[in-house]
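Trainee: Below is coords.csv; it holds CSV, C-alpha atoms.
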```csv
chain,number,residue,atom,x,y,z
G,1,MET,CA,8.8,24.3,11.7
G,2,ALA,CA,6.8,23.3,14.7
G,3,SER,CA,3.6,25.1,13.7
G,4,THR,CA,1.5,21.9,14.2
G,5,PRO,CA,1.5,20.0,17.6
G,6,MET,CA,4.2,17.3,17.9
G,7,ARG,CA,3.0,13.8,18.0
G,8,GLU,CA,3.6,12.1,21.4
G,9,PRO,CA,6.3,9.6,20.2
G,10,THR,CA,8.2,12.5,18.5
G,11,TYR,CA,8.0,14.6,21.7
G,12,TYR,CA,9.3,11.8,23.9
G,13,THR,CA,12.0,10.8,21.4
G,14,LEU,CA,13.4,14.4,21.6
G,15,ALA,CA,12.9,14.5,25.3
G,16,ALA,CA,14.8,11.3,25.7
G,17,LEU,CA,17.8,12.9,24.0
G,18,LEU,CA,17.9,15.9,26.3
G,19,ASP,CA,20.4,14.3,28.7
G,20,GLY,CA,22.8,13.2,26.0
G,21,PRO,CA,23.2,10.9,23.0
G,22,LEU,CA,21.4,7.5,23.0
G,23,HIS,CA,21.1,4.5,20.7
G,24,GLY,CA,17.8,3.2,19.4
G,25,TYR,CA,16.8,0.9,22.3
G,26,GLY,CA,18.2,3.6,24.7
G,27,ILE,CA,15.7,6.1,23.3
G,28,ILE,CA,12.8,3.6,23.6
G,29,ARG,CA,13.7,2.8,27.2
G,30,ARG,CA,14.2,6.4,28.2
G,31,ALA,CA,10.9,7.5,26.6
G,32,ALA,CA,9.1,4.8,28.6
G,33,GLU,CA,10.8,6.0,31.8
G,34,LEU,CA,10.0,9.7,31.3
G,35,SER,CA,6.4,9.0,30.5
G,36,ASP,CA,5.9,6.5,33.4
G,37,GLY,CA,5.4,3.7,31.0
G,38,GLN,CA,2.7,5.6,29.1
G,39,VAL,CA,4.7,5.9,25.8
G,40,ARG,CA,6.0,2.6,24.4
G,41,ILE,CA,7.6,3.4,21.1
G,42,THR,CA,8.0,0.5,18.6
G,43,ALA,CA,11.1,0.2,16.5
G,44,GLY,CA,9.1,1.0,13.3
G,45,THR,CA,7.7,4.2,14.8
G,46,LEU,CA,11.1,5.2,16.3
G,47,TYR,CA,13.1,4.9,13.0
G,48,ALA,CA,10.3,6.7,11.1
G,49,ALA,CA,10.6,9.5,13.6
G,50,LEU,CA,14.4,9.5,13.5
G,51,ASP,CA,14.3,9.7,9.7
G,52,ARG,CA,12.0,12.7,9.8
G,53,LEU,CA,13.8,14.5,12.6
G,54,SER,CA,17.1,14.0,10.9
G,55,GLU,CA,15.7,15.5,7.7
G,56,MET,CA,14.5,18.5,9.7
G,57,GLY,CA,17.9,18.8,11.3
G,58,TRP,CA,16.6,18.3,14.9
G,59,VAL,CA,18.5,15.1,15.5
G,60,GLU,CA,22.0,14.1,14.3
G,61,ALA,CA,23.9,10.8,14.2
G,62,ASP,CA,26.6,10.7,16.9
G,63,GLY,CA,28.8,7.7,16.2
G,64,GLU,CA,28.3,4.0,16.4
G,65,GLU,CA,29.7,1.0,18.2
G,66,VAL,CA,29.3,-2.8,18.1
G,67,VAL,CA,28.3,-4.4,21.4
G,68,ASP,CA,27.8,-8.2,21.6
G,69,GLY,CA,27.7,-8.3,17.8
G,70,ARG,CA,24.9,-5.8,17.7
G,71,LEU,CA,25.4,-2.4,15.9
G,72,ARG,CA,24.4,0.6,18.0
G,73,ARG,CA,24.2,4.0,16.3
G,74,TYR,CA,23.9,6.9,18.6
G,75,TYR,CA,21.7,10.0,18.1
G,76,ARG,CA,22.0,13.5,19.7
G,77,LEU,CA,19.7,16.5,19.9
G,78,SER,CA,20.8,19.5,17.7
G,79,GLY,CA,20.4,23.1,18.7
G,80,ALA,CA,17.3,23.4,16.5
G,81,GLY,CA,15.8,20.3,18.0
G,82,ARG,CA,16.3,21.5,21.5
G,83,GLU,CA,14.7,24.8,20.6
G,84,ALA,CA,11.7,23.1,18.9
G,85,LEU,CA,11.2,20.8,22.0
G,86,ARG,CA,11.3,23.8,24.3
G,87,ALA,CA,8.7,25.6,22.1
G,88,GLU,CA,6.4,22.5,22.3
G,89,ALA,CA,6.9,22.2,26.0
G,90,ASP,CA,5.9,25.9,26.4
G,91,ARG,CA,2.8,25.3,24.3
G,92,LEU,CA,1.8,22.2,26.4
G,93,HIS,CA,2.5,24.1,29.6
G,94,HIS,CA,0.3,27.0,28.5
G,95,ALA,CA,-2.4,24.6,27.4
G,96,ALA,CA,-2.3,22.8,30.7
G,97,GLY,CA,-2.4,26.1,32.6
G,98,VAL,CA,-5.6,27.1,30.8
G,99,VAL,CA,-7.3,24.1,32.3
G,100,MET,CA,-5.6,24.0,35.7
G,101,ARG,CA,-6.3,27.7,36.5
G,102,ARG,CA,-10.0,27.1,35.9
G,103,ILE,CA,-10.2,23.8,37.8
G,104,HIS,CA,-8.4,25.3,40.8
G,105,GLY,CA,-10.2,28.7,40.5
G,106,ILE,CA,-7.0,30.7,40.1
G,107,GLY,CA,-6.8,33.6,37.7
G,108,GLY,CA,-10.5,34.7,37.7
G,109,ALA,CA,-12.2,31.9,35.8
G,110,SER,CA,-15.7,32.8,34.8
F,1,MET,CA,14.4,-25.9,11.4
F,2,ILE,CA,12.7,-23.2,13.5
F,3,PRO,CA,13.9,-19.7,12.5
F,4,SER,CA,15.4,-17.6,15.3
F,5,LEU,CA,13.8,-14.3,16.5
F,6,ALA,CA,16.5,-12.4,14.6
F,7,GLN,CA,15.7,-14.2,11.4
F,8,LEU,CA,12.0,-13.5,11.9
F,9,TYR,CA,12.6,-9.8,12.5
F,10,LYS,CA,14.9,-9.8,9.4
F,11,ARG,CA,12.0,-11.1,7.3
F,12,LEU,CA,9.7,-8.4,8.6
F,13,LEU,CA,12.3,-5.8,7.7
F,14,PHE,CA,11.7,-6.8,4.0
F,15,THR,CA,8.7,-4.4,4.1
F,16,TYR,CA,11.4,-1.6,3.9
F,17,PRO,CA,13.0,-0.7,0.6
F,18,ALA,CA,16.3,-2.4,-0.2
F,19,GLU,CA,18.4,0.7,-0.1
F,20,TYR,CA,17.0,1.6,3.2
F,21,ARG,CA,17.7,-1.9,4.6
F,22,ARG,CA,21.3,-1.6,3.4
F,23,ALA,CA,21.7,1.5,5.6
F,24,ARG,CA,19.6,0.6,8.6
F,25,GLU,CA,19.0,-3.2,8.9
F,26,ALA,CA,21.8,-4.1,11.3
F,27,GLU,CA,20.9,-1.2,13.6
F,28,MET,CA,17.2,-1.8,13.6
F,29,LEU,CA,17.7,-5.5,14.2
F,30,ALA,CA,19.9,-4.7,17.2
F,31,THR,CA,17.2,-2.4,18.6
F,32,LEU,CA,14.5,-5.0,18.1
F,33,LEU,CA,16.5,-7.7,19.8
F,34,ASP,CA,17.5,-5.4,22.6
F,35,ALA,CA,13.8,-4.6,23.1
F,36,SER,CA,12.8,-8.3,23.2
F,37,VAL,CA,12.3,-10.1,26.5
F,38,PRO,CA,14.4,-13.1,27.5
F,39,GLY,CA,13.1,-16.4,26.0
F,40,GLN,CA,11.0,-14.6,23.4
F,41,THR,CA,10.8,-16.6,20.2
F,42,LEU,CA,8.3,-14.7,18.1
F,43,PRO,CA,8.1,-11.0,17.1
F,44,SER,CA,5.6,-9.2,19.3
F,45,PRO,CA,2.3,-8.1,17.6
F,46,ARG,CA,3.0,-4.5,18.4
F,47,GLU,CA,6.5,-4.6,16.8
F,48,THR,CA,5.2,-6.5,13.8
F,49,ALA,CA,2.5,-3.9,13.2
F,50,GLY,CA,5.0,-1.1,13.7
F,51,LEU,CA,7.5,-2.6,11.2
F,52,ILE,CA,4.8,-3.3,8.5
F,53,LEU,CA,3.4,0.2,8.8
F,54,GLY,CA,6.9,1.8,9.1
F,55,GLY,CA,8.1,-0.2,6.0
F,56,LEU,CA,5.0,0.8,3.9
F,57,ARG,CA,5.4,4.5,4.9
F,58,THR,CA,9.1,4.5,4.2
F,59,ARG,CA,8.4,3.1,0.7
F,60,ALA,CA,5.6,5.7,0.3
F,61,ARG,CA,7.8,8.5,1.4
F,62,LEU,CA,10.7,7.5,-0.9
F,63,GLY,CA,8.2,6.8,-3.7
F,64,ALA,CA,6.3,10.1,-3.4
F,65,SER,CA,9.7,11.9,-3.4
F,66,SER,CA,10.0,10.9,-7.1
F,67,GLY,CA,7.2,13.0,-8.2
F,68,PRO,CA,3.6,12.8,-9.6
F,69,SER,CA,4.5,11.1,-12.8
F,70,ALA,CA,6.0,8.2,-10.8
F,71,VAL,CA,2.8,8.0,-8.7
F,72,TRP,CA,0.6,7.9,-11.9
F,73,ALA,CA,2.9,5.3,-13.5
F,74,GLU,CA,2.6,3.1,-10.4
F,75,ALA,CA,-1.2,3.6,-10.3
F,76,LEU,CA,-1.6,2.6,-13.9
F,77,ARG,CA,0.6,-0.5,-13.6
F,78,LEU,CA,-1.3,-1.6,-10.4
F,79,GLY,CA,-4.7,-0.7,-12.0
F,80,ALA,CA,-3.9,-2.7,-15.1
F,81,ALA,CA,-2.7,-5.6,-13.0
F,82,LEU,CA,-6.0,-5.6,-11.1
F,83,VAL,CA,-8.0,-5.7,-14.3
F,84,VAL,CA,-6.0,-8.6,-15.7
F,85,THR,CA,-6.1,-10.5,-12.4
F,86,SER,CA,-9.9,-10.2,-12.1
F,87,TYR,CA,-10.3,-11.3,-15.7
F,88,MET,CA,-7.9,-14.2,-15.3
F,89,VAL,CA,-9.6,-15.5,-12.1
F,90,GLY,CA,-13.1,-15.0,-13.6
F,91,THR,CA,-12.1,-16.9,-16.8
F,92,VAL,CA,-10.8,-19.8,-14.7
F,93,ILE,CA,-14.1,-20.0,-12.7
F,94,LEU,CA,-16.2,-19.7,-15.9
F,95,SER,CA,-14.1,-22.4,-17.6
F,96,VAL,CA,-15.6,-25.0,-15.2
F,97,PHE,CA,-18.9,-24.7,-17.0
F,98,PRO,CA,-19.5,-26.4,-20.3
F,99,GLY,CA,-19.4,-24.3,-23.5
F,100,SER,CA,-16.5,-22.0,-22.5
F,101,GLY,CA,-14.2,-23.7,-25.1
F,102,TYR,CA,-10.6,-24.7,-25.0
F,103,LEU,CA,-9.0,-21.3,-26.0
F,104,ARG,CA,-11.1,-19.2,-23.6
F,105,GLY,CA,-11.3,-21.8,-20.8
F,106,ARG,CA,-7.8,-23.2,-20.7
F,107,LEU,CA,-5.3,-21.2,-22.7
F,108,LEU,CA,-6.3,-17.7,-22.0
F,109,PRO,CA,-6.1,-18.0,-18.2
F,110,LEU,CA,-2.6,-19.3,-18.5
F,111,VAL,CA,-1.5,-16.5,-20.8
F,112,LEU,CA,-3.1,-14.0,-18.4
F,113,ALA,CA,-1.4,-15.6,-15.4
F,114,ALA,CA,2.0,-15.3,-17.2
F,115,THR,CA,1.2,-11.7,-17.9
F,116,VAL,CA,0.5,-10.9,-14.2
F,117,VAL,CA,3.7,-12.6,-13.1
F,118,ALA,CA,5.7,-10.8,-15.9
F,119,LEU,CA,4.4,-7.4,-14.9
F,120,LEU,CA,5.1,-8.0,-11.2
F,121,ARG,CA,8.7,-9.0,-12.0
F,122,ARG,CA,9.3,-6.5,-14.8
F,123,PRO,CA,6.7,-3.7,-14.6
F,124,ARG,CA,8.3,-1.7,-17.3
F,125,ARG,CA,7.2,-4.3,-19.8
F,126,LEU,CA,3.6,-4.4,-18.6
F,127,GLY,CA,2.3,-2.2,-21.3
F,128,LEU,CA,3.7,-4.3,-24.1
F,129,ALA,CA,2.6,-7.5,-22.4
F,130,LEU,CA,-1.0,-6.3,-22.1
F,131,VAL,CA,-1.1,-5.1,-25.7
F,132,ALA,CA,0.2,-8.5,-26.9
F,133,VAL,CA,-2.5,-10.3,-24.9
F,134,ASP,CA,-5.1,-8.0,-26.4
F,135,LEU,CA,-3.9,-8.3,-30.0
F,136,PHE,CA,-3.2,-12.0,-30.1
F,137,PHE,CA,-5.9,-13.4,-27.8
F,138,ALA,CA,-8.7,-11.1,-26.9
F,139,TRP,CA,-9.3,-9.5,-30.2
F,140,PRO,CA,-9.3,-12.8,-32.2
F,141,LEU,CA,-11.8,-14.1,-29.6
F,142,GLN,CA,-14.0,-11.1,-30.1
F,143,ALA,CA,-13.8,-11.5,-33.9
F,144,TYR,CA,-14.7,-15.2,-33.5
F,145,ASP,CA,-17.7,-14.4,-31.3
F,146,VAL,CA,-19.0,-11.8,-33.8
F,147,LEU,CA,-18.5,-14.1,-36.8
F,148,HIS,CA,-20.2,-17.0,-35.2
F,149,GLY,CA,-22.9,-15.0,-33.6
F,150,THR,CA,-22.0,-16.3,-30.1
F,151,VAL,CA,-22.3,-14.1,-27.0
F,152,GLY,CA,-18.9,-12.6,-26.2
F,153,LEU,CA,-19.3,-8.9,-25.7
F,154,ALA,CA,-18.9,-8.9,-22.0
F,155,VAL,CA,-16.5,-11.8,-21.9
F,156,SER,CA,-14.2,-10.1,-24.3
F,157,TRP,CA,-14.5,-6.6,-23.0
F,158,PHE,CA,-12.3,-7.2,-20.0
F,159,ALA,CA,-9.5,-8.3,-22.2
F,160,ILE,CA,-9.9,-5.4,-24.6
F,161,GLY,CA,-10.3,-3.0,-21.7
F,162,PRO,CA,-6.6,-3.3,-20.6
F,163,LEU,CA,-5.4,-2.1,-24.0
F,164,PRO,CA,-5.6,1.7,-23.2
F,165,LEU,CA,-4.3,0.9,-19.7
F,166,GLY,CA,-1.4,-1.0,-21.2
F,167,LEU,CA,-0.5,1.7,-23.7
F,168,ALA,CA,-0.7,4.4,-21.0
F,169,ALA,CA,1.4,2.3,-18.7
F,170,ALA,CA,4.0,1.7,-21.5
F,171,VAL,CA,4.2,5.4,-22.3
F,172,PHE,CA,4.6,6.2,-18.6
F,173,ALA,CA,7.2,3.5,-18.1
F,174,TRP,CA,9.6,5.2,-20.6
F,175,TYR,CA,8.7,8.7,-19.5
F,176,PRO,CA,11.6,10.5,-17.7
F,177,GLY,CA,11.0,10.8,-14.0
F,178,ALA,CA,8.3,8.0,-14.0
F,179,ARG,CA,10.6,5.6,-12.1
F,180,PRO,CA,9.7,5.6,-8.5
F,181,ALA,CA,12.6,5.8,-6.0
F,182,SER,CA,11.1,2.7,-4.3
F,183,ARG,CA,8.5,0.3,-5.6
F,184,PRO,CA,5.8,-0.4,-2.9
F,185,TRP,CA,5.6,-4.2,-3.7
F,186,PRO,CA,3.8,-5.0,-0.5
F,187,VAL,CA,0.9,-2.9,-1.8
F,188,TRP,CA,0.9,-4.8,-5.0
F,189,ILE,CA,0.6,-8.1,-3.1
F,190,ILE,CA,-2.1,-6.9,-0.7
F,191,ALA,CA,-4.0,-5.3,-3.6
F,192,LEU,CA,-3.9,-8.4,-5.8
F,193,VAL,CA,-4.9,-10.7,-2.9
F,194,VAL,CA,-7.8,-8.4,-2.0
F,195,LEU,CA,-8.8,-8.3,-5.7
F,196,LEU,CA,-8.7,-12.0,-6.3
F,197,PRO,CA,-12.5,-12.4,-5.5
F,198,ALA,CA,-13.1,-9.8,-8.2
F,199,GLY,CA,-12.8,-12.7,-10.6
F,200,LEU,CA,-15.9,-14.1,-8.9
F,201,GLU,CA,-17.6,-10.9,-9.9
F,202,PHE,CA,-16.4,-11.3,-13.4
F,203,SER,CA,-17.6,-14.9,-13.7
F,204,THR,CA,-21.0,-14.1,-12.1
F,205,TYR,CA,-21.4,-11.1,-14.4
F,206,ASN,CA,-20.8,-13.1,-17.5
F,207,GLY,CA,-22.5,-16.2,-16.2
F,208,ALA,CA,-25.6,-14.1,-15.5
F,209,TYR,CA,-25.3,-12.5,-18.9
F,210,LEU,CA,-24.9,-15.9,-20.6
F,211,GLY,CA,-28.0,-17.1,-18.8
F,212,MET,CA,-26.3,-19.6,-16.6
F,213,GLU,CA,-28.9,-20.3,-13.9
F,214,ALA,CA,-26.4,-20.7,-11.1
F,215,PHE,CA,-25.1,-17.1,-11.5
F,216,LEU,CA,-28.4,-15.2,-11.9
F,217,HIS,CA,-29.1,-15.0,-8.2
F,218,LEU,CA,-25.5,-14.4,-7.1
F,219,HIS,CA,-24.8,-11.4,-9.4
F,220,VAL,CA,-25.9,-8.4,-7.3
F,221,PRO,CA,-24.8,-9.4,-3.8
F,222,VAL,CA,-21.4,-10.5,-5.1
F,223,SER,CA,-21.1,-7.3,-7.0
F,224,LEU,CA,-21.6,-5.3,-3.9
F,225,PHE,CA,-19.1,-7.3,-2.0
F,226,VAL,CA,-16.5,-7.4,-4.7
F,227,LEU,CA,-16.7,-3.8,-5.7
F,228,VAL,CA,-17.0,-2.3,-2.3
F,229,LEU,CA,-14.3,-4.4,-0.5
F,230,PRO,CA,-11.4,-3.6,-2.9
F,231,ALA,CA,-12.4,0.1,-3.0
F,232,ILE,CA,-12.4,0.4,0.7
F,233,ALA,CA,-9.2,-1.7,1.1
F,234,LEU,CA,-7.2,0.3,-1.5
F,235,ALA,CA,-8.5,3.7,-0.5
F,236,GLY,CA,-7.7,2.8,3.2
F,237,LEU,CA,-4.2,1.7,2.1
F,238,SER,CA,-3.7,5.0,0.4
F,239,LEU,CA,-4.6,7.0,3.5
F,240,LEU,CA,-2.5,4.7,5.7
F,241,MET,CA,0.6,4.9,3.4
F,242,ARG,CA,0.0,8.6,2.4
F,243,ASN,CA,0.4,7.5,-1.2
F,244,PRO,CA,-2.3,8.1,-3.7
F,245,ALA,CA,-1.3,5.2,-6.0
F,246,PRO,CA,-3.4,2.4,-4.5
F,247,ALA,CA,-6.6,4.5,-4.5
F,248,LEU,CA,-5.9,5.7,-8.1
F,249,ALA,CA,-5.4,2.1,-9.1
F,250,ALA,CA,-8.7,1.2,-7.5
F,251,SER,CA,-10.4,4.0,-9.5
F,252,ILE,CA,-8.9,2.7,-12.7
F,253,TYR,CA,-10.1,-0.9,-11.9
F,254,LEU,CA,-13.6,0.3,-11.0
F,255,ALA,CA,-13.7,2.5,-14.0
F,256,SER,CA,-12.9,-0.5,-16.2
F,257,PHE,CA,-15.9,-2.3,-14.6
F,258,LEU,CA,-18.0,0.7,-15.3
F,259,GLY,CA,-16.7,0.7,-18.9
F,260,GLY,CA,-17.7,-2.9,-19.3
F,261,MET,CA,-21.2,-2.3,-18.0
F,262,THR,CA,-21.6,0.7,-20.3
F,263,TYR,CA,-20.4,-1.3,-23.2
F,264,LEU,CA,-23.0,-4.0,-22.5
F,265,LEU,CA,-25.7,-1.4,-22.0
F,266,ALA,CA,-24.9,0.2,-25.4
F,267,PHE,CA,-25.0,-3.1,-27.3
F,268,THR,CA,-27.7,-5.1,-25.5
F,269,SER,CA,-29.7,-2.6,-23.4
F,270,TYR,CA,-28.8,-4.7,-20.4
F,271,TYR,CA,-28.8,-2.3,-17.4
F,272,ASP,CA,-26.7,-3.4,-14.5
F,273,PRO,CA,-28.1,-2.2,-11.2
F,274,VAL,CA,-24.6,-1.8,-9.7
F,275,MET,CA,-23.5,0.8,-12.3
F,276,GLY,CA,-24.4,3.6,-9.9
F,277,LEU,CA,-22.5,2.0,-7.0
F,278,ALA,CA,-19.4,1.6,-9.2
F,279,ALA,CA,-19.5,5.2,-10.3
F,280,GLY,CA,-19.9,6.4,-6.6
F,281,LEU,CA,-16.9,4.2,-5.6
F,282,VAL,CA,-14.7,5.7,-8.4
F,283,VAL,CA,-15.5,9.2,-7.0
F,284,GLY,CA,-14.8,8.0,-3.5
F,285,CYS,CA,-11.4,6.5,-4.5
F,286,VAL,CA,-10.3,9.6,-6.3
F,287,ALA,CA,-11.2,11.7,-3.2
F,288,ALA,CA,-9.2,9.3,-1.0
F,289,ALA,CA,-6.2,9.7,-3.4
F,290,GLY,CA,-6.5,13.5,-3.0
F,291,LEU,CA,-6.7,13.2,0.8
F,292,SER,CA,-3.7,10.9,1.0
F,293,ARG,CA,-1.7,13.4,-1.0
F,294,ARG,CA,-2.7,16.1,1.5
F,295,ALA,CA,-1.8,13.9,4.4
F,296,LEU,CA,1.7,13.4,2.9
F,297,ALA,CA,2.1,17.2,2.7
F,298,LEU,CA,1.1,17.6,6.3
F,299,ALA,CA,3.3,14.7,7.6
```
Can you present the structure in this file as structure tokens?
Mentor:
Amino acid sequence: MASTPMREPTYYTLAALLDGPLHGYGIIRRAAELSDGQVRITAGTLYAALDRLSEMGWVEADGEEVVDGRLRRYYRLSGAGREALRAEADRLHHAAGVVMRRIHGIGGAS
Amino acid sequence: MIPSLAQLYKRLLFTYPAEYRRAREAEMLATLLDASVPGQTLPSPRETAGLILGGLRTRARLGASSGPSAVWAEALRLGAALVVTSYMVGTVILSVFPGSGYLRGRLLPLVLAATVVALLRRPRRLGLALVAVDLFFAWPLQAYDVLHGTVGLAVSWFAIGPLPLGLAAAVFAWYPGARPASRPWPVWIIALVVLLPAGLEFSTYNGAYLGMEAFLHLHVPVSLFVLVLPAIALAGLSLLMRNPAPALAASIYLASFLGGMTYLLAFTSYYDPVMGLAAGLVVGCVAAAGLSRRALALA
């Protein structure tokens, strides 16, 4: 499924769910923390991503609760979602390595 | 009374389809309010842009899932609405000038305005409404012009033009599978607002043709502005929403202009210098429709 590179908000949405289920705002906050404030996902972008990821079976709803009169629905990462995220992280790691090895002169750069 | 932040966000959520809001509104509202800062009274520009784009894309996604016949039905309805709107606004502008007559200058714009409202509220009846306008108003006007030897070819063409569009839209409206899962009404509103100046083009076109001095110098620059702007706006909207309907509607609208110019050329040998531009824009809009379909497949 992940033959094309993931978009950044999608990547960080999945990454935010690695440590356990989160509700909408929890995902937005965690994604900002993990990216050192670089990725600020808007609600419109988040729910578009959650719709798509749910359709792909990478994310699943995980119950809901009402806190201070506000509905919070939780989402968790599925096995397929975890696998797709790992594959994307491997790809990014490899892509970063190609550059870093050359910059630092490791691995026989020409 | 000043609306609260929650009420303002709730209004923005209207960009999403009704069935989607039923399932997600409370949750999205909670997320938006959780993400707001203490004392915030207005939606942030980033969240506003995100919701508008998200709503349009959700409508496009649900709309596109209903198949190509629904996309074509939507494009035909929107294209016909654009033609009628431009005709209506143009007729109103032209009616300011003496000699336009009561029927054409006063009554016809009202009938056309009612048609646009009717087709926005009940799109399935659009075809019949357009056919009725053509049969009972445009055609008698054309006949009157021909019988009395007055100039009416270009003026009447834009009312006759919607006839095939209306018939096609009516056929599509009753065609099984042509009902979209979600109607992208924000696109309709944006498109109609963008297209309102098109009436200016219509009035300058006819004003120039009728020899009205004030319009002779305006015609070409206004044509460039009015043809190019809607084409770019609707093609851009298609690419943004990943839905070919707006770009196809723009193609239909531009093709109707091209048809009007060809009609005039055939009867009066009046060559309009913007014919080539209109033809190029039709091709561009069709290409944008194709690209938006591809973007949807890749999303």
Trainee: Restrict the calculation to only C-alpha atoms, then for each residue of chain G with any atom at most 6 Å from an atom of chain F give the closest atom pair and their distance in Å to one decimal, rows by chain and rising residue number, as JSON lines.
Mentor:
```
{"residue": "G:Gly24", "atom": "CA", "partner": "F:Thr31", "partner_atom": "CA", "distance": 5.7}
{"residue": "G:Tyr25", "atom": "CA", "partner": "F:Thr31", "partner_atom": "CA", "distance": 5.0}
{"residue": "G:Thr42", "atom": "CA", "partner": "F:Glu47", "partner_atom": "CA", "distance": 5.6}
{"residue": "G:Gly44", "atom": "CA", "partner": "F:Leu51", "partner_atom": "CA", "distance": 4.5}
{"residue": "G:Arg70", "atom": "CA", "partner": "F:Ala30", "partner_atom": "CA", "distance": 5.1}
{"residue": "G:Leu71", "atom": "CA", "partner": "F:Glu27", "partner_atom": "CA", "distance": 5.2}
{"residue": "G:Arg72", "atom": "CA", "partner": "F:Glu27", "partner_atom": "CA", "distance": 5.9}
```
Trainee: Provide the atom CA of Ala73 of chain F to atom CA of Val228 of chain F distance in Å, to one decimal place.
Mentor: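 These atoms are spaced 24.1 Å apart.
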Trainee: To one decimal in Å, tell me the separation between atom CA of Ala235 of chain F and atom CA of Ala247 of chain F.
Mentor: 4.5 Å
Trainee: Report, as lines of an AutoDock Vina configuration file, the axis-aligned box around all atoms of segment 98-107 of chain G present in the file, extended by 8 Å on each side; give centre and edge lengths in Å to one decimal place.
Mentor:
```
center_x = -7.9
center_y = 28.7
center_z = 35.8
size_x = 20.6
size_y = 25.8
size_z = 26.0
```
Trainee: Counting only C-alpha atoms, which of G:Gly105, G:Glu8, G:Ala89, G:Glu64 gets nearest to Thr45 of chain G?
Mentor: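 Nearest to Thr45 of chain G: G:Glu8.
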Trainee: Suppose you want the space between atom CA of Leu239 of chain F and atom CA of Ala289 of chain F; what is it in Å?
Mentor: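 Here the two named atoms are 7.6 Å from each other.
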Trainee: So which residues touch Val39 of chain G within 12 Å, counting only C-alpha atoms, skipping near sequence neighbours fewer than 6 positions away, as a list in words?
Mentor: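 Listed by chain and then number, they are Arg7, Glu8, Pro9, Thr10, Tyr11, Tyr12, Thr13, Ala15, Ala16, Ile27, Ile28, Arg29, Arg30, Ala31, Ala32, Glu33, Thr45 and Leu46 of chain G.
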Trainee: Could you check the closest approach to Leu77 of chain G for each of G:Met6, G:Leu50, G:Leu14, G:Ile103 and tell me which residue wins, using only C-alpha atoms?
Mentor: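 Of G:Met6, G:Leu50, G:Leu14, G:Ile103, the one nearest Leu77 of chain G, counting only C-alpha atoms, is G:Leu14.
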